[in-house]
>>> print(open('query-v5.txt').read())   # compact mmCIF, C-alpha atoms and all ligand atoms
# COMPACT_ATOMS: atom_id res chain seq x y z
CA MET A 1 322.97 -24.82 217.71
CA LEU A 2 320.32 -26.46 219.87
CA ASP A 3 318.21 -24.02 221.87
CA THR A 4 315.70 -24.50 224.68
CA ASP A 5 312.84 -24.79 222.19
CA PHE A 6 314.60 -27.72 220.49
CA PHE A 7 314.55 -29.66 223.76
CA ARG A 8 310.94 -28.70 224.43
CA ARG A 9 310.01 -30.05 220.99
CA TRP A 10 311.97 -33.23 221.72
CA MET A 11 309.99 -33.84 224.94
CA THR A 12 306.70 -33.14 223.13
CA ALA A 13 307.63 -35.56 220.33
CA ALA A 14 308.68 -38.16 222.91
CA ALA A 15 305.33 -37.80 224.70
CA ALA A 16 303.46 -38.30 221.42
CA SER A 17 305.54 -41.33 220.50
CA VAL A 18 305.11 -42.95 223.92
CA ASP A 19 301.35 -42.35 223.60
CA ARG A 20 301.22 -44.02 220.18
CA GLU A 21 303.33 -46.98 221.29
CA ALA A 22 302.00 -47.43 224.84
CA ASP A 23 300.11 -50.64 224.10
CA HIS A 24 303.12 -52.13 222.34
CA LEU A 25 305.41 -51.26 225.27
CA THR A 26 302.96 -52.77 227.73
CA ASP A 27 302.66 -55.93 225.61
CA LEU A 28 306.45 -56.31 225.67
CA ASP A 29 306.41 -55.81 229.44
CA SER A 30 303.64 -58.38 229.85
CA ALA A 31 305.94 -61.02 228.34
CA ILE A 32 308.88 -60.46 230.70
CA GLY A 33 307.65 -58.00 233.35
CA ASP A 34 304.46 -56.74 234.94
CA ALA A 35 302.65 -55.21 231.96
CA ASP A 36 302.92 -51.57 232.96
CA HIS A 37 305.79 -50.06 230.97
CA GLY A 38 303.55 -48.33 228.41
CA SER A 39 301.21 -46.88 231.03
CA ASN A 40 304.16 -45.88 233.26
CA LEU A 41 305.76 -43.84 230.49
CA GLN A 42 302.47 -42.51 229.21
CA ARG A 43 301.74 -41.07 232.65
CA GLY A 44 305.29 -39.77 233.04
CA PHE A 45 305.56 -38.03 229.68
CA ALA A 46 302.05 -36.59 229.93
CA ALA A 47 303.24 -34.96 233.17
CA VAL A 48 306.40 -33.72 231.43
CA LYS A 49 304.30 -32.20 228.65
CA ALA A 50 301.95 -30.57 231.14
CA VAL A 51 304.72 -28.99 233.21
CA LEU A 52 306.42 -27.66 230.07
CA GLU A 53 303.17 -26.03 228.97
CA LYS A 54 303.02 -24.25 232.33
CA ASP A 55 306.67 -23.46 233.03
CA ALA A 56 309.18 -21.91 230.65
CA PRO A 57 312.67 -23.01 231.68
CA ALA A 58 315.22 -20.59 230.25
CA THR A 59 317.93 -23.06 229.25
CA PRO A 60 318.21 -26.56 227.74
CA GLY A 61 319.79 -27.75 230.99
CA ALA A 62 316.94 -26.44 233.15
CA LEU A 63 314.33 -27.88 230.80
CA LEU A 64 315.80 -31.38 230.84
CA ALA A 65 316.29 -31.27 234.61
CA LEU A 66 312.64 -30.28 235.07
CA ALA A 67 311.48 -33.06 232.74
CA GLY A 68 313.62 -35.56 234.64
CA ARG A 69 312.20 -34.51 238.00
CA GLN A 70 308.70 -34.90 236.60
CA LEU A 71 309.43 -38.48 235.46
CA ILE A 72 310.86 -39.37 238.86
CA SER A 73 307.85 -38.02 240.71
CA THR A 74 305.14 -39.49 238.46
CA VAL A 75 306.44 -42.91 237.37
CA GLY A 76 306.31 -45.57 240.05
CA GLY A 77 308.22 -48.25 238.13
CA ALA A 78 311.95 -48.74 237.74
CA SER A 79 311.93 -46.80 234.48
CA GLY A 80 310.86 -43.51 236.15
CA PRO A 81 313.98 -42.95 238.27
CA LEU A 82 316.17 -44.32 235.47
CA TYR A 83 314.82 -42.06 232.70
CA GLY A 84 314.51 -39.24 235.21
CA THR A 85 318.18 -39.61 236.04
CA LEU A 86 319.07 -39.72 232.35
CA LEU A 87 317.39 -36.36 231.72
CA ARG A 88 318.47 -34.69 234.97
CA ARG A 89 322.10 -35.70 234.56
CA THR A 90 322.11 -34.72 230.89
CA GLY A 91 320.58 -31.36 231.86
CA LYS A 92 323.11 -30.83 234.61
CA ALA A 93 325.98 -31.54 232.22
CA LEU A 94 324.66 -28.85 229.85
CA GLY A 95 325.13 -26.22 232.57
CA ASP A 96 323.40 -22.88 232.04
CA GLU A 97 324.15 -22.29 228.38
CA THR A 98 321.17 -20.92 226.45
CA GLU A 99 322.22 -22.85 223.31
CA VAL A 100 324.43 -25.90 222.97
CA THR A 101 326.24 -27.56 220.10
CA GLN A 102 325.38 -31.08 219.00
CA GLU A 103 328.76 -32.16 220.33
CA GLN A 104 328.09 -30.63 223.77
CA PHE A 105 324.73 -32.37 223.81
CA ALA A 106 326.29 -35.70 222.79
CA GLN A 107 328.77 -35.43 225.66
CA ALA A 108 326.06 -34.49 228.14
CA PHE A 109 323.85 -37.35 226.96
CA ALA A 110 326.74 -39.78 227.42
CA ALA A 111 327.08 -38.52 231.02
CA GLY A 112 323.33 -39.07 231.48
CA VAL A 113 323.58 -42.62 230.16
CA ALA A 114 326.53 -43.31 232.46
CA ALA A 115 324.41 -42.11 235.41
CA VAL A 116 321.69 -44.60 234.44
CA GLY A 117 324.33 -47.34 234.59
CA GLN A 118 325.46 -46.14 238.00
CA LEU A 119 321.97 -45.94 239.43
CA GLY A 120 320.76 -49.32 238.16
CA GLY A 121 324.03 -51.22 238.17
CA ALA A 122 323.40 -52.58 234.67
CA GLN A 123 325.93 -52.98 231.89
CA ALA A 124 325.75 -53.57 228.15
CA GLY A 125 324.27 -57.00 227.47
CA ASP A 126 322.10 -57.13 230.61
CA LYS A 127 318.92 -56.68 228.50
CA THR A 128 317.91 -53.22 229.71
CA MET A 129 317.37 -49.73 228.32
CA LEU A 130 321.14 -49.35 228.38
CA ASP A 131 321.42 -51.72 225.41
CA ALA A 132 319.74 -49.01 223.34
CA LEU A 133 321.11 -45.95 225.19
CA LEU A 134 324.80 -46.85 225.11
CA PRO A 135 325.08 -47.31 221.31
CA ALA A 136 322.88 -44.23 220.82
CA ALA A 137 325.18 -42.10 222.99
CA GLU A 138 328.17 -43.23 220.98
CA ALA A 139 326.53 -42.50 217.62
CA LEU A 140 325.09 -39.16 218.72
CA ALA A 141 328.42 -37.39 218.40
CA LEU A 142 328.17 -38.02 214.65
CA SER A 143 324.48 -37.78 213.81
CA PHE A 144 320.96 -37.80 215.22
CA ASP A 145 319.74 -40.26 212.59
CA GLY A 146 322.70 -42.53 213.31
CA ALA A 147 321.83 -42.44 216.99
CA ALA A 148 318.22 -43.41 216.24
CA ASP A 149 319.39 -46.32 214.06
CA ALA A 150 321.88 -47.44 216.71
CA ALA A 151 319.20 -47.33 219.44
CA ARG A 152 316.74 -49.34 217.34
CA ALA A 153 319.40 -51.94 216.50
CA GLY A 154 320.39 -52.04 220.17
CA ALA A 155 316.78 -52.66 221.22
CA GLU A 156 316.39 -55.45 218.65
CA ALA A 157 319.63 -57.00 219.87
CA THR A 158 318.06 -57.53 223.33
CA VAL A 159 315.80 -60.32 221.98
CA PRO A 160 318.32 -63.18 222.41
CA MET A 161 319.73 -61.75 225.67
CA ARG A 162 319.05 -63.13 229.11
CA ALA A 163 317.99 -60.37 231.52
CA ARG A 164 320.36 -59.72 234.40
CA LYS A 165 318.68 -56.61 235.88
CA GLY A 166 315.14 -55.54 236.68
CA ARG A 167 312.00 -57.67 236.91
CA ALA A 168 312.79 -59.63 233.75
CA SER A 169 315.85 -61.07 235.49
CA TYR A 170 313.52 -63.03 237.80
CA LEU A 171 312.58 -65.11 234.73
CA GLY A 172 316.15 -66.24 234.11
CA GLU A 173 316.35 -68.19 230.85
CA ARG A 174 312.68 -67.52 230.14
CA SER A 175 313.53 -63.88 229.48
CA ILE A 176 315.33 -65.03 226.31
CA GLY A 177 313.43 -64.50 223.05
CA HIS A 178 311.61 -61.26 223.99
CA GLN A 179 312.57 -57.68 223.23
CA ASP A 180 313.22 -55.60 226.33
CA PRO A 181 310.49 -53.00 226.90
CA GLY A 182 312.87 -50.36 228.29
CA ALA A 183 315.31 -50.74 225.41
CA THR A 184 312.33 -50.38 223.07
CA SER A 185 311.14 -47.16 224.73
CA ALA A 186 314.70 -45.82 224.78
CA ALA A 187 314.81 -46.29 221.00
CA LEU A 188 311.53 -44.34 220.74
CA LEU A 189 313.00 -41.46 222.73
CA VAL A 190 316.10 -41.29 220.54
CA ASP A 191 313.94 -41.58 217.44
CA ALA A 192 311.87 -38.61 218.66
CA LEU A 193 315.15 -36.73 219.04
CA ALA A 194 316.15 -37.44 215.44
CA GLU A 195 312.68 -36.44 214.27
CA THR A 196 313.01 -33.15 216.15
CA ALA A 197 316.43 -32.49 214.62
CA ASP A 198 315.10 -33.23 211.12
CA GLY A 199 312.41 -30.61 211.74
P1 LIG A 201 308.98 -51.97 236.45
O1 LIG A 201 309.92 -53.06 236.04
O2 LIG A 201 309.29 -51.45 237.81
O3 LIG A 201 307.56 -52.33 236.24
P2 LIG A 201 308.95 -50.52 233.93
O4 LIG A 201 308.11 -51.66 233.43
O5 LIG A 201 308.41 -49.17 233.70
O6 LIG A 201 309.30 -50.71 235.48
O7 LIG A 201 310.38 -50.55 233.22
C1 LIG A 201 311.03 -51.77 232.94
C2 LIG A 201 312.29 -51.49 232.16
O8 LIG A 201 313.21 -50.79 232.98
C3 LIG A 201 313.02 -52.74 231.71
O9 LIG A 201 312.52 -53.21 230.47
C4 LIG A 201 314.47 -52.28 231.62
O10 LIG A 201 314.78 -51.80 230.33
C5 LIG A 201 314.51 -51.13 232.59
N1 LIG A 201 315.29 -51.49 233.79
C6 LIG A 201 314.85 -52.19 234.86
N2 LIG A 201 315.84 -52.31 235.78
C7 LIG A 201 316.94 -51.67 235.24
C8 LIG A 201 318.28 -51.42 235.69
N3 LIG A 201 318.71 -51.86 236.88
N4 LIG A 201 319.10 -50.71 234.88
C9 LIG A 201 318.67 -50.25 233.68
N5 LIG A 201 317.43 -50.45 233.21
C10 LIG A 201 316.58 -51.15 233.97
MG MG A 202 306.93 -53.03 234.33
MG MG A 203 305.87 -52.08 237.52
>>> encode(input="query-v5.txt", output="structure tokens")
Amino acid sequence: MLDTDFFRRWMTAAAASVDREADHLTDLDSAIGDADHGSNLQRGFAAVKAVLEKDAPATPGALLALAGRQLISTVGGASGPLYGTLLRRTGKALGDETEVTQEQFAQAFAAGVAAVGQLGGAQAGDKTMLDALLPAAEALALSFDGAADAARAGAEATVPMRARKGRASYLGERSIGHQDPGATSAALLVDALAETADG
């Protein structure tokens, strides 16, 4: 079973990973965006970590919803509302259980990923975070490590894609040949999840 502390540890691991990889994420965003993805997420996840040190949400659902609200209020870029929606919607789908099964979490995460698609209007193949999140959500029902692998492969698969959503889409064909920053950070978040599950 996955308890509230599991999700707290996931958010802490995600914050550490985003911190480590911030320069890389910003470099990717400088090629096809506005060079702020690393600093956007660094600011957002630092705020998530800070609020979780202060508040003690009683359930996994409440914890993820709080983290999502924090991302929405602290990240100015497109990724803030999108990741915020992912976590809020996932949290909402978990209801007020104090512990959830991996299968319940996988279903909730899939609902969160679907909400990202609804909010941003992107689909698989549009060269966005969804290209990592969708395969991860599918694999998550089976294993955390499988989800991390699927997200990483999904992020790498964005290199030859032409962006159809977000700032990178303004570049048209010139977006081809670069890995999408949001798909890359999505893979980091799922990797932090697998790390947390592995203990
Ligand atoms: P901004 O583009 O506002 O500077 P960020 O640099 O933080 O925001 O995030 C950019 C990332 O957000 C992109 O690499 C992409 O993965 C993701 N993104 C942008 N627009 C969308 C969208 N409509 N749907 C899904 N993901 C998107
Ligand atoms: Mg940007
Ligand atoms: Mg920006």
>>> residues_around(input="query-v5.txt", residues="Gln42 in chain A", least_positions_apart="2", cutoff="8 Å", atoms="all atoms listed in the file", output="MDAnalysis selection string")
chainID A and resid 15 18:19 22 38:40 44:46
>>> residues_around(input="query-v5.txt", residues="His24 in chain A", least_positions_apart="2", cutoff="12 Å", atoms="all atoms listed in the file", output="ChimeraX atom specification")
/A:17-22,26-31,35-39,41-42,179-182,184-185,188
>>> write_last_selection(input="query-v5.txt", atoms="C-alpha atoms", output="mmCIF file, keeping the file's coordinate frame")
data_model
loop_
_atom_site.group_PDB
_atom_site.id
_atom_site.type_symbol
_atom_site.label_atom_id
_atom_site.label_comp_id
_atom_site.auth_asym_id
_atom_site.auth_seq_id
_atom_site.Cartn_x
_atom_site.Cartn_y
_atom_site.Cartn_z
ATOM 1 C CA SER A 17 305.540 -41.330 220.500
ATOM 2 C CA VAL A 18 305.110 -42.950 223.920
ATOM 3 C CA ASP A 19 301.350 -42.350 223.600
ATOM 4 C CA ARG A 20 301.220 -44.020 220.180
ATOM 5 C CA GLU A 21 303.330 -46.980 221.290
ATOM 6 C CA ALA A 22 302.000 -47.430 224.840
ATOM 7 C CA THR A 26 302.960 -52.770 227.730
ATOM 8 C CA ASP A 27 302.660 -55.930 225.610
ATOM 9 C CA LEU A 28 306.450 -56.310 225.670
ATOM 10 C CA ASP A 29 306.410 -55.810 229.440
ATOM 11 C CA SER A 30 303.640 -58.380 229.850
ATOM 12 C CA ALA A 31 305.940 -61.020 228.340
ATOM 13 C CA ALA A 35 302.650 -55.210 231.960
ATOM 14 C CA ASP A 36 302.920 -51.570 232.960
ATOM 15 C CA HIS A 37 305.790 -50.060 230.970
ATOM 16 C CA GLY A 38 303.550 -48.330 228.410
ATOM 17 C CA SER A 39 301.210 -46.880 231.030
ATOM 18 C CA LEU A 41 305.760 -43.840 230.490
ATOM 19 C CA GLN A 42 302.470 -42.510 229.210
ATOM 20 C CA GLN A 179 312.570 -57.680 223.230
ATOM 21 C CA ASP A 180 313.220 -55.600 226.330
ATOM 22 C CA PRO A 181 310.490 -53.000 226.900
ATOM 23 C CA GLY A 182 312.870 -50.360 228.290
ATOM 24 C CA THR A 184 312.330 -50.380 223.070
ATOM 25 C CA SER A 185 311.140 -47.160 224.730
ATOM 26 C CA LEU A 188 311.530 -44.340 220.740
#
>>> residues_around(input="query-v5.txt", residues="Glu99 in chain A", least_positions_apart="4", cutoff="9 Å", atoms="all atoms listed in the file", output="PyMOL selection string")
chain A and resi 1-4+59-60
>>> residues_near_point(input="query-v5.txt", point="(311.6, -36.1, 224.7)", cutoff="9 Å", atoms="all atoms listed in the file", output="list in words")
Phe7, Arg8, Arg9, Trp10, Met11, Thr12, Ala13, Ala14, Ala15, Phe45, Val48, Leu64, Ala67, Leu189, Val190, Ala192 and Leu193 of chain A
>>> closest_residue(input="query-v5.txt", among="A:Leu94, A:Leu87, A:Leu133, A:Ala108", to="ligand LIG 201 (chain A)", atoms="all atoms listed in the file")
A:Leu133
>>> closest_residue(input="query-v5.txt", among="A:Ala132, A:Asp191, A:Gly91, A:Asp126", to="Pro160 in chain A", atoms="all atoms listed in the file")
A:Asp126
>>> closest_residue(input="query-v5.txt", among="A:Ala168, A:Leu140, A:Met129, A:Val100", to="ligand MG 202 (chain A)", atoms="all atoms listed in the file")
A:Ala168
>>> atom_distance(input="query-v5.txt", atom1="CA of Pro135 in chain A", atom2="CA of Gln107 in chain A")
13.2 Å
>>> closest_residue(input="query-v5.txt", among="A:Ala115, A:Ala65, A:Ala16, A:Ile32", to="Val51 in chain A", atoms="all atoms listed in the file")
A:Ala65
>>> atom_distance(input="query-v5.txt", atom1="CA of Gly77 in chain A", atom2="CA of Gly120 in chain A")
12.6 Å
>>> residues_near_point(input="query-v5.txt", point="(319.9, -46.6, 225.5)", cutoff="8 Å", atoms="all atoms listed in the file", output="list of chain:residue names")
A:Val113, A:Met129, A:Leu130, A:Asp131, A:Ala132, A:Leu133, A:Leu134, A:Pro135, A:Ala136, A:Ala137, A:Ala151, A:Gly154, A:Ala183, A:Ala186, A:Ala187
>>> atom_distance(input="query-v5.txt", atom1="CA of Phe144 in chain A", atom2="CA of Glu103 in chain A")
10.9 Å
>>> closest_residue(input="query-v5.txt", among="A:Gly166, A:Gly61, A:Gly112, A:Gly80", to="ligand LIG 201 (chain A)", atoms="only C-alpha atoms and all ligand atoms")
A:Gly166
>>> build_atoms(input="query-v5.txt", residues="range 91-114 of chain A", atoms="N, CA and C atoms", output="PDB file, in the frame of the given file")
ATOM      1  N   GLY A  91     320.847 -32.793 231.658  1.00  0.00           N
ATOM      2  CA  GLY A  91     320.580 -31.360 231.860  1.00  0.00           C
ATOM      3  C   GLY A  91     321.669 -30.704 232.687  1.00  0.00           C
ATOM      4  N   LYS A  92     322.072 -31.382 233.736  1.00  0.00           N
ATOM      5  CA  LYS A  92     323.110 -30.830 234.610  1.00  0.00           C
ATOM      6  C   LYS A  92     324.416 -30.643 233.837  1.00  0.00           C
ATOM      7  N   ALA A  93     324.727 -31.610 232.990  1.00  0.00           N
ATOM      8  CA  ALA A  93     325.980 -31.540 232.220  1.00  0.00           C
ATOM      9  C   ALA A  93     325.950 -30.406 231.195  1.00  0.00           C
ATOM     10  N   LEU A  94     324.752 -29.959 230.818  1.00  0.00           N
ATOM     11  CA  LEU A  94     324.660 -28.850 229.850  1.00  0.00           C
ATOM     12  C   LEU A  94     324.878 -27.490 230.519  1.00  0.00           C
ATOM     13  N   GLY A  95     324.863 -27.468 231.854  1.00  0.00           N
ATOM     14  CA  GLY A  95     325.130 -26.220 232.570  1.00  0.00           C
ATOM     15  C   GLY A  95     324.058 -25.185 232.294  1.00  0.00           C
ATOM     16  N   ASP A  96     324.436 -23.894 232.280  1.00  0.00           N
ATOM     17  CA  ASP A  96     323.400 -22.880 232.040  1.00  0.00           C
ATOM     18  C   ASP A  96     323.563 -22.129 230.725  1.00  0.00           C
ATOM     19  N   GLU A  97     324.099 -22.839 229.737  1.00  0.00           N
ATOM     20  CA  GLU A  97     324.150 -22.290 228.380  1.00  0.00           C
ATOM     21  C   GLU A  97     322.727 -22.122 227.845  1.00  0.00           C
ATOM     22  N   THR A  98     322.502 -21.084 227.042  1.00  0.00           N
ATOM     23  CA  THR A  98     321.170 -20.920 226.450  1.00  0.00           C
ATOM     24  C   THR A  98     321.046 -21.681 225.127  1.00  0.00           C
ATOM     25  N   GLU A  99     322.185 -22.018 224.521  1.00  0.00           N
ATOM     26  CA  GLU A  99     322.220 -22.850 223.310  1.00  0.00           C
ATOM     27  C   GLU A  99     323.417 -23.764 223.434  1.00  0.00           C
ATOM     28  N   VAL A 100     323.301 -24.968 222.900  1.00  0.00           N
ATOM     29  CA  VAL A 100     324.430 -25.900 222.970  1.00  0.00           C
ATOM     30  C   VAL A 100     324.690 -26.491 221.584  1.00  0.00           C
ATOM     31  N   THR A 101     325.927 -26.896 221.358  1.00  0.00           N
ATOM     32  CA  THR A 101     326.240 -27.560 220.100  1.00  0.00           C
ATOM     33  C   THR A 101     325.814 -29.019 220.178  1.00  0.00           C
ATOM     34  N   GLN A 102     325.724 -29.654 219.022  1.00  0.00           N
ATOM     35  CA  GLN A 102     325.380 -31.080 219.000  1.00  0.00           C
ATOM     36  C   GLN A 102     326.436 -31.877 219.770  1.00  0.00           C
ATOM     37  N   GLU A 103     327.688 -31.443 219.645  1.00  0.00           N
ATOM     38  CA  GLU A 103     328.760 -32.160 220.330  1.00  0.00           C
ATOM     39  C   GLU A 103     328.640 -32.020 221.851  1.00  0.00           C
ATOM     40  N   GLN A 104     328.308 -30.811 222.318  1.00  0.00           N
ATOM     41  CA  GLN A 104     328.090 -30.630 223.770  1.00  0.00           C
ATOM     42  C   GLN A 104     326.935 -31.509 224.239  1.00  0.00           C
ATOM     43  N   PHE A 105     325.880 -31.552 223.435  1.00  0.00           N
ATOM     44  CA  PHE A 105     324.730 -32.370 223.810  1.00  0.00           C
ATOM     45  C   PHE A 105     325.121 -33.849 223.839  1.00  0.00           C
ATOM     46  N   ALA A 106     325.879 -34.294 222.835  1.00  0.00           N
ATOM     47  CA  ALA A 106     326.290 -35.700 222.790  1.00  0.00           C
ATOM     48  C   ALA A 106     327.096 -36.072 224.029  1.00  0.00           C
ATOM     49  N   GLN A 107     327.973 -35.168 224.454  1.00  0.00           N
ATOM     50  CA  GLN A 107     328.770 -35.430 225.660  1.00  0.00           C
ATOM     51  C   GLN A 107     327.904 -35.468 226.904  1.00  0.00           C
ATOM     52  N   ALA A 108     326.963 -34.540 226.978  1.00  0.00           N
ATOM     53  CA  ALA A 108     326.060 -34.490 228.140  1.00  0.00           C
ATOM     54  C   ALA A 108     325.192 -35.738 228.193  1.00  0.00           C
ATOM     55  N   PHE A 109     324.702 -36.154 227.023  1.00  0.00           N
ATOM     56  CA  PHE A 109     323.850 -37.350 226.960  1.00  0.00           C
ATOM     57  C   PHE A 109     324.638 -38.577 227.406  1.00  0.00           C
ATOM     58  N   ALA A 110     325.896 -38.649 227.001  1.00  0.00           N
ATOM     59  CA  ALA A 110     326.740 -39.780 227.420  1.00  0.00           C
ATOM     60  C   ALA A 110     326.892 -39.788 228.942  1.00  0.00           C
ATOM     61  N   ALA A 111     326.992 -38.600 229.549  1.00  0.00           N
ATOM     62  CA  ALA A 111     327.080 -38.520 231.020  1.00  0.00           C
ATOM     63  C   ALA A 111     325.760 -38.982 231.634  1.00  0.00           C
ATOM     64  N   GLY A 112     324.649 -38.623 231.004  1.00  0.00           N
ATOM     65  CA  GLY A 112     323.330 -39.070 231.480  1.00  0.00           C
ATOM     66  C   GLY A 112     323.200 -40.580 231.412  1.00  0.00           C
ATOM     67  N   VAL A 113     323.657 -41.157 230.321  1.00  0.00           N
ATOM     68  CA  VAL A 113     323.580 -42.620 230.160  1.00  0.00           C
ATOM     69  C   VAL A 113     324.473 -43.315 231.196  1.00  0.00           C
ATOM     70  N   ALA A 114     325.638 -42.736 231.440  1.00  0.00           N
ATOM     71  CA  ALA A 114     326.530 -43.310 232.460  1.00  0.00           C
ATOM     72  C   ALA A 114     325.863 -43.280 233.837  1.00  0.00           C
TER      73      ALA A 114
END
